[in-house]
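For reference, target21.cif (mmCIF, N, CA and C atoms):
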```cif
data_query
#
loop_
_atom_site.group_PDB
_atom_site.id
_atom_site.type_symbol
_atom_site.label_atom_id
_atom_site.label_comp_id
_atom_site.auth_asym_id
_atom_site.auth_seq_id
_atom_site.Cartn_x
_atom_site.Cartn_y
_atom_site.Cartn_z
ATOM 1 N N MET M 116 262.785 90.530 -16.045
ATOM 2 C CA MET M 116 262.430 89.815 -17.265
ATOM 3 C C MET M 116 261.455 88.698 -16.895
ATOM 4 N N ALA M 117 260.353 88.639 -17.603
ATOM 5 C CA ALA M 117 259.325 87.642 -17.314
ATOM 6 C C ALA M 117 259.744 86.283 -17.870
ATOM 7 N N GLU M 118 259.343 85.255 -17.154
ATOM 8 C CA GLU M 118 259.659 83.894 -17.592
ATOM 9 C C GLU M 118 258.727 83.491 -18.733
ATOM 10 N N ALA M 119 259.255 82.800 -19.712
ATOM 11 C CA ALA M 119 258.453 82.355 -20.861
ATOM 12 C C ALA M 119 257.465 81.294 -20.416
ATOM 13 N N THR M 120 256.253 81.417 -20.888
ATOM 14 C CA THR M 120 255.238 80.411 -20.571
ATOM 15 C C THR M 120 255.205 79.370 -21.679
ATOM 16 N N HIS M 121 254.461 78.307 -21.419
ATOM 17 C CA HIS M 121 254.331 77.235 -22.401
ATOM 18 C C HIS M 121 253.790 77.766 -23.736
ATOM 19 N N ALA M 122 252.854 78.693 -23.682
ATOM 20 C CA ALA M 122 252.244 79.242 -24.897
ATOM 21 C C ALA M 122 253.226 80.081 -25.703
ATOM 22 N N ASP M 123 254.250 80.627 -25.024
ATOM 23 C CA ASP M 123 255.225 81.472 -25.713
ATOM 24 C C ASP M 123 256.272 80.680 -26.472
ATOM 25 N N ARG M 124 256.464 79.422 -26.079
ATOM 26 C CA ARG M 124 257.491 78.608 -26.716
ATOM 27 C C ARG M 124 257.017 78.096 -28.078
ATOM 28 N N PRO M 125 257.902 78.052 -29.056
ATOM 29 C CA PRO M 125 257.504 77.509 -30.362
ATOM 30 C C PRO M 125 257.256 76.012 -30.269
ATOM 31 N N ARG M 126 256.323 75.522 -31.074
ATOM 32 C CA ARG M 126 256.032 74.086 -31.101
ATOM 33 C C ARG M 126 257.157 73.361 -31.812
ATOM 34 N N VAL M 127 257.540 72.242 -31.281
ATOM 35 C CA VAL M 127 258.568 71.416 -31.899
ATOM 36 C C VAL M 127 257.925 70.696 -33.078
ATOM 37 N N THR M 128 258.584 70.707 -34.203
ATOM 38 C CA THR M 128 258.061 70.022 -35.378
ATOM 39 C C THR M 128 259.084 69.030 -35.898
ATOM 40 N N THR M 129 258.595 68.070 -36.680
ATOM 41 C CA THR M 129 259.487 67.107 -37.300
ATOM 42 C C THR M 129 260.103 67.745 -38.535
ATOM 43 N N ARG M 130 260.933 67.001 -39.208
ATOM 44 C CA ARG M 130 261.590 67.568 -40.390
ATOM 45 C C ARG M 130 260.606 67.853 -41.518
ATOM 46 N N HIS M 131 259.407 67.268 -41.449
ATOM 47 C CA HIS M 131 258.396 67.519 -42.469
ATOM 48 C C HIS M 131 257.435 68.626 -42.050
ATOM 49 N N GLY M 132 257.745 69.310 -40.973
ATOM 50 C CA GLY M 132 256.927 70.423 -40.516
ATOM 51 C C GLY M 132 255.689 69.998 -39.755
ATOM 52 N N ARG M 133 255.651 68.768 -39.289
ATOM 53 C CA ARG M 133 254.513 68.285 -38.510
ATOM 54 C C ARG M 133 254.832 68.336 -37.027
ATOM 55 N N THR M 134 253.792 68.497 -36.235
ATOM 56 C CA THR M 134 253.981 68.382 -34.794
ATOM 57 C C THR M 134 254.129 66.899 -34.471
ATOM 58 N N PRO M 135 254.647 66.567 -33.313
ATOM 59 C CA PRO M 135 254.765 65.143 -32.949
ATOM 60 C C PRO M 135 253.420 64.407 -32.979
ATOM 61 N N GLU M 136 252.346 65.101 -32.594
ATOM 62 C CA GLU M 136 251.018 64.472 -32.622
ATOM 63 C C GLU M 136 250.590 64.163 -34.051
ATOM 64 N N GLN M 137 250.817 65.109 -34.957
ATOM 65 C CA GLN M 137 250.481 64.891 -36.364
ATOM 66 C C GLN M 137 251.313 63.761 -36.952
ATOM 67 N N GLN M 138 252.572 63.708 -36.588
ATOM 68 C CA GLN M 138 253.460 62.661 -37.087
ATOM 69 C C GLN M 138 253.004 61.292 -36.604
ATOM 70 N N ALA M 139 252.606 61.210 -35.333
ATOM 71 C CA ALA M 139 252.145 59.939 -34.772
ATOM 72 C C ALA M 139 250.876 59.468 -35.474
ATOM 73 N N ARG M 140 249.943 60.386 -35.747
ATOM 74 C CA ARG M 140 248.711 60.021 -36.461
ATOM 75 C C ARG M 140 249.013 59.567 -37.883
ATOM 76 N N ALA M 141 249.941 60.239 -38.540
ATOM 77 C CA ALA M 141 250.312 59.862 -39.908
ATOM 78 C C ALA M 141 250.951 58.472 -39.932
ATOM 79 N N GLU M 142 251.821 58.207 -38.976
ATOM 80 C CA GLU M 142 252.462 56.894 -38.914
ATOM 81 C C GLU M 142 251.442 55.798 -38.621
ATOM 82 N N ARG M 143 250.460 56.092 -37.783
ATOM 83 C CA ARG M 143 249.428 55.099 -37.467
ATOM 84 C C ARG M 143 248.594 54.807 -38.711
ATOM 85 N N ARG M 144 248.259 55.855 -39.486
ATOM 86 C CA ARG M 144 247.501 55.654 -40.730
ATOM 87 C C ARG M 144 248.260 54.750 -41.686
ATOM 88 N N VAL M 145 249.559 54.933 -41.777
ATOM 89 C CA VAL M 145 250.386 54.105 -42.659
ATOM 90 C C VAL M 145 250.344 52.648 -42.197
ATOM 91 N N LYS M 146 250.441 52.425 -40.882
ATOM 92 C CA LYS M 146 250.408 51.059 -40.358
ATOM 93 C C LYS M 146 249.067 50.392 -40.621
ATOM 94 N N VAL M 147 247.970 51.143 -40.459
ATOM 95 C CA VAL M 147 246.633 50.583 -40.713
ATOM 96 C C VAL M 147 246.483 50.232 -42.183
ATOM 97 N N GLU M 148 246.912 51.112 -43.065
ATOM 98 C CA GLU M 148 246.814 50.838 -44.503
ATOM 99 C C GLU M 148 247.683 49.648 -44.895
ATOM 100 N N ALA M 149 248.861 49.529 -44.294
ATOM 101 C CA ALA M 149 249.729 48.382 -44.578
ATOM 102 C C ALA M 149 249.068 47.087 -44.114
ATOM 103 N N ALA M 150 248.379 47.137 -42.984
ATOM 104 C CA ALA M 150 247.677 45.950 -42.488
ATOM 105 C C ALA M 150 246.556 45.547 -43.450
ATOM 106 N N LYS M 151 245.862 46.525 -44.000
ATOM 107 C CA LYS M 151 244.805 46.227 -44.974
ATOM 108 C C LYS M 151 245.388 45.547 -46.213
ATOM 109 N N LEU M 152 246.506 46.065 -46.677
ATOM 110 C CA LEU M 152 247.161 45.461 -47.837
ATOM 111 C C LEU M 152 247.654 44.057 -47.531
ATOM 112 N N ARG M 153 248.204 43.859 -46.341
ATOM 113 C CA ARG M 153 248.670 42.527 -45.928
ATOM 114 C C ARG M 153 247.514 41.540 -45.904
ATOM 115 N N GLN M 154 246.375 41.985 -45.399
ATOM 116 C CA GLN M 154 245.195 41.135 -45.321
ATOM 117 C C GLN M 154 244.732 40.744 -46.735
ATOM 118 N N GLU M 155 244.737 41.698 -47.641
ATOM 119 C CA GLU M 155 244.341 41.433 -49.025
ATOM 120 C C GLU M 155 245.323 40.476 -49.710
ATOM 121 N N LEU M 156 246.615 40.700 -49.502
ATOM 122 C CA LEU M 156 247.633 39.836 -50.094
ATOM 123 C C LEU M 156 247.526 38.411 -49.557
ATOM 124 N N ASP M 157 247.348 38.286 -48.249
ATOM 125 C CA ASP M 157 247.197 36.962 -47.659
ATOM 126 C C ASP M 157 245.996 36.227 -48.249
ATOM 127 N N ALA M 158 244.895 36.949 -48.447
ATOM 128 C CA ALA M 158 243.697 36.336 -49.034
ATOM 129 C C ALA M 158 243.992 35.872 -50.464
ATOM 130 N N ASP M 159 244.686 36.707 -51.239
ATOM 131 C CA ASP M 159 245.022 36.354 -52.622
ATOM 132 C C ASP M 159 245.943 35.136 -52.690
ATOM 133 N N LEU M 160 246.838 35.009 -51.721
ATOM 134 C CA LEU M 160 247.791 33.906 -51.715
ATOM 135 C C LEU M 160 247.286 32.682 -50.947
ATOM 136 N N GLY M 161 246.097 32.795 -50.376
ATOM 137 C CA GLY M 161 245.524 31.680 -49.636
ATOM 138 C C GLY M 161 246.162 31.461 -48.276
ATOM 139 N N ARG M 162 246.744 32.497 -47.721
ATOM 140 C CA ARG M 162 247.380 32.410 -46.402
ATOM 141 C C ARG M 162 246.406 32.867 -45.323
ATOM 142 N N GLU M 163 246.689 32.446 -44.108
ATOM 143 C CA GLU M 163 245.916 32.927 -42.970
ATOM 144 C C GLU M 163 246.569 34.209 -42.447
ATOM 145 N N THR M 164 245.762 35.225 -42.251
ATOM 146 C CA THR M 164 246.274 36.495 -41.739
ATOM 147 C C THR M 164 246.290 36.451 -40.211
ATOM 148 N N PRO M 165 247.397 36.854 -39.593
ATOM 149 C CA PRO M 165 247.449 36.864 -38.127
ATOM 150 C C PRO M 165 246.371 37.774 -37.536
ATOM 151 N N ALA M 166 245.893 37.404 -36.359
ATOM 152 C CA ALA M 166 244.809 38.159 -35.705
ATOM 153 C C ALA M 166 245.193 39.613 -35.451
ATOM 154 N N TRP M 167 246.455 39.868 -35.110
ATOM 155 C CA TRP M 167 246.859 41.247 -34.810
ATOM 156 C C TRP M 167 246.791 42.125 -36.063
ATOM 157 N N VAL M 168 247.011 41.512 -37.237
ATOM 158 C CA VAL M 168 246.948 42.287 -38.476
ATOM 159 C C VAL M 168 245.480 42.602 -38.799
ATOM 160 N N ILE M 169 244.616 41.633 -38.589
ATOM 161 C CA ILE M 169 243.184 41.848 -38.825
ATOM 162 C C ILE M 169 242.658 42.949 -37.908
ATOM 163 N N LYS M 170 243.049 42.887 -36.648
ATOM 164 C CA LYS M 170 242.611 43.895 -35.675
ATOM 165 C C LYS M 170 243.093 45.281 -36.077
ATOM 166 N N LEU M 171 244.342 45.368 -36.503
ATOM 167 C CA LEU M 171 244.905 46.647 -36.928
ATOM 168 C C LEU M 171 244.213 47.167 -38.186
ATOM 169 N N ALA M 172 243.912 46.272 -39.115
ATOM 170 C CA ALA M 172 243.271 46.681 -40.369
ATOM 171 C C ALA M 172 241.867 47.211 -40.140
ATOM 172 N N ARG M 173 241.216 46.804 -39.067
ATOM 173 C CA ARG M 173 239.848 47.238 -38.769
ATOM 174 C C ARG M 173 239.785 48.588 -38.046
ATOM 175 N N GLU M 174 240.924 49.091 -37.634
ATOM 176 C CA GLU M 174 240.950 50.375 -36.913
ATOM 177 C C GLU M 174 240.457 51.511 -37.794
ATOM 178 N N LYS M 175 239.755 52.418 -37.182
ATOM 179 C CA LYS M 175 239.333 53.644 -37.871
ATOM 180 C C LYS M 175 240.416 54.690 -37.666
ATOM 181 N N VAL M 176 240.811 55.345 -38.746
ATOM 182 C CA VAL M 176 241.842 56.374 -38.632
ATOM 183 C C VAL M 176 241.339 57.702 -39.118
#
```

Show me the file's structure as structure tokens.
Amino acid sequence: MAEATHADRPRVTTRHGRTPEQQARAERRVKVEAAKLRQELDADLGRETPAWVIKLAREKV
């Protein structure tokens, strides 16, 4: 009996049918969009937005 290769094994998916890579990209998009909203809210309320939020909001996804 031949040993199963990596290509023969089924890909592991999350409960939403995404691969781990797809799930990670989706979660990153959510974080970037949340940072954009935080930046907008802070501006509306006259608050200073933390540098890490600004940096995250500028990411291309």

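Closest approach to Arg140 of chain M from the set M:Leu160, M:Ile169, M:Val176, M:Leu152 is made by M:Val176, with distances taken over only N, CA and C atoms.
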
Test item, alpha helix (DSSP H) assignment across chain M, answer as a PyMOL selection string: chain M and resi 135-160+166-172

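Here atom N of Ala166 of chain M and atom CA of Gln138 of chain M stand 26.4 Å from one another.
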
Residues in the PyMOL selection byres ((chain M and resi 145-150) around 7), expressed as a ChimeraX atom specification: /M:140-144,151-155,168-169,171-174

Enclose all atoms of segment 126-135 of chain M listed in the file in an axis-aligned box, grow every side by 6 Å, and hand back centre and edge lengths in Å to one decimal, as JSON.
```
{"center_x": 257.5, "center_y": 70.0, "center_z": -36.8, "size_x": 20.2, "size_y": 23.1, "size_z": 23.4}
```

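As for atom N of Arg130 of chain M and atom C of Trp167 of chain M, they are spaced 28.8 Å apart.
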
Interatomic distance, atom CA of Lys175 of chain M to atom CA of Asp159 of chain M (Å, one decimal): 23.4 Å
